[in-house]
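Here the structure comes first, spelled out in structure tokens, and everything after it is commentary.
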Amino acid sequence: MIFRLILLTAVVFAVLWLLKRLFSEGTEASTEAKLKTENMRQCKFCGTHVPESLLVLSNDQPYCCQDHADRDQS
Ligand SMILES: [Zn+2]
């Protein structure tokens, strides 16, 4: 009887540990996804959304390409 109780407790702990592991893995994955998601900026000329790393800044204004930056200035 005591053996069964110990076994049951062990199973419950194992399940809880597995659930916790799965949950923390899920959180890690979503944090990673958040880090991978870049801020999007809108081109002042054509309105296209561009990731900040591809953005062309001209006079502190965001553009999708150098062409649109030049065209907006003239
Ligand atoms: Zn543009």
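Chain labels A, B, ... are given in the sequence in which chains occur in the structure tokens; within each chain residues are numbered consecutively from 1, and ligands are likewise numbered from 1 in the order shown.
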Around ligand 1, which protein and nucleic acid residues have at least one atom no more than 9 Å from it, if we count only C-alpha atoms and all ligand atoms? List them as a PyMOL selection string.
chain A and resi 42-50+62-69
Using N, CA and C atoms, can you write the selected residues to a file as a PDB file, in the first residue's frame?
ATOM      1  N   GLN A  42       7.449  52.218 -41.794  1.00  0.00           N
ATOM      2  CA  GLN A  42       6.760  52.487 -43.043  1.00  0.00           C
ATOM      3  C   GLN A  42       7.555  53.486 -43.887  1.00  0.00           C
ATOM      4  N   CYS A  43       7.717  53.163 -45.148  1.00  0.00           N
ATOM      5  CA  CYS A  43       8.401  54.072 -46.076  1.00  0.00           C
ATOM      6  C   CYS A  43       7.564  55.345 -46.200  1.00  0.00           C
ATOM      7  N   LYS A  44       8.243  56.485 -46.048  1.00  0.00           N
ATOM      8  CA  LYS A  44       7.542  57.764 -46.078  1.00  0.00           C
ATOM      9  C   LYS A  44       7.011  58.055 -47.491  1.00  0.00           C
ATOM     10  N   PHE A  45       7.653  57.452 -48.497  1.00  0.00           N
ATOM     11  CA  PHE A  45       7.290  57.751 -49.885  1.00  0.00           C
ATOM     12  C   PHE A  45       6.168  56.844 -50.402  1.00  0.00           C
ATOM     13  N   CYS A  46       6.323  55.527 -50.280  1.00  0.00           N
ATOM     14  CA  CYS A  46       5.343  54.605 -50.875  1.00  0.00           C
ATOM     15  C   CYS A  46       4.492  53.876 -49.829  1.00  0.00           C
ATOM     16  N   GLY A  47       4.848  53.959 -48.554  1.00  0.00           N
ATOM     17  CA  GLY A  47       4.037  53.346 -47.507  1.00  0.00           C
ATOM     18  C   GLY A  47       4.321  51.886 -47.264  1.00  0.00           C
ATOM     19  N   THR A  48       5.334  51.319 -47.950  1.00  0.00           N
ATOM     20  CA  THR A  48       5.700  49.918 -47.749  1.00  0.00           C
ATOM     21  C   THR A  48       6.343  49.738 -46.377  1.00  0.00           C
ATOM     22  N   HIS A  49       5.967  48.641 -45.695  1.00  0.00           N
ATOM     23  CA  HIS A  49       6.579  48.359 -44.399  1.00  0.00           C
ATOM     24  C   HIS A  49       7.896  47.617 -44.596  1.00  0.00           C
ATOM     25  N   VAL A  50       8.961  48.137 -44.020  1.00  0.00           N
ATOM     26  CA  VAL A  50      10.299  47.589 -44.183  1.00  0.00           C
ATOM     27  C   VAL A  50      10.899  47.284 -42.817  1.00  0.00           C
ATOM     28  N   PRO A  62      12.195  57.558 -42.626  1.00  0.00           N
ATOM     29  CA  PRO A  62      12.407  56.189 -43.098  1.00  0.00           C
ATOM     30  C   PRO A  62      11.931  55.980 -44.542  1.00  0.00           C
ATOM     31  N   TYR A  63      12.767  55.291 -45.320  1.00  0.00           N
ATOM     32  CA  TYR A  63      12.411  54.943 -46.694  1.00  0.00           C
ATOM     33  C   TYR A  63      12.768  53.488 -46.957  1.00  0.00           C
ATOM     34  N   CYS A  64      12.058  52.862 -47.922  1.00  0.00           N
ATOM     35  CA  CYS A  64      12.308  51.459 -48.225  1.00  0.00           C
ATOM     36  C   CYS A  64      13.556  51.289 -49.075  1.00  0.00           C
ATOM     37  N   CYS A  65      13.925  52.313 -49.827  1.00  0.00           N
ATOM     38  CA  CYS A  65      15.116  52.230 -50.660  1.00  0.00           C
ATOM     39  C   CYS A  65      15.659  53.635 -50.894  1.00  0.00           C
ATOM     40  N   GLN A  66      16.901  53.699 -51.397  1.00  0.00           N
ATOM     41  CA  GLN A  66      17.533  54.988 -51.647  1.00  0.00           C
ATOM     42  C   GLN A  66      16.769  55.769 -52.701  1.00  0.00           C
ATOM     43  N   ASP A  67      16.227  55.054 -53.680  1.00  0.00           N
ATOM     44  CA  ASP A  67      15.463  55.687 -54.759  1.00  0.00           C
ATOM     45  C   ASP A  67      14.309  56.504 -54.228  1.00  0.00           C
ATOM     46  N   HIS A  68      13.549  55.928 -53.285  1.00  0.00           N
ATOM     47  CA  HIS A  68      12.403  56.642 -52.722  1.00  0.00           C
ATOM     48  C   HIS A  68      12.850  57.803 -51.843  1.00  0.00           C
ATOM     49  N   ALA A  69      13.986  57.646 -51.164  1.00  0.00           N
ATOM     50  CA  ALA A  69      14.534  58.732 -50.352  1.00  0.00           C
ATOM     51  C   ALA A  69      14.883  59.917 -51.247  1.00  0.00           C
TER      52      ALA A  69
END
DSSP on the backbone, helix (DSSP H, G or I) only: what residues of chain A does that give? Format it as a ChimeraX atom specification.
/A:2-36,52-54,66-73
Interatomic distance (Å, one decimal) between atom CA of Ser58 of chain A and atom CA of Met40 of chain A
16.5 Å
Could you go through chain A and tell me which residues DSSP, when run on the backbone, assigns to strand (DSSP E or B), listing them as a ChimeraX atom specification?
/A:40-42,49-51,56-58,61-63
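The gap separating atom CA of Ser53 of chain A from atom CA of Thr37 of chain A is 11.3 Å, in Å to one decimal.
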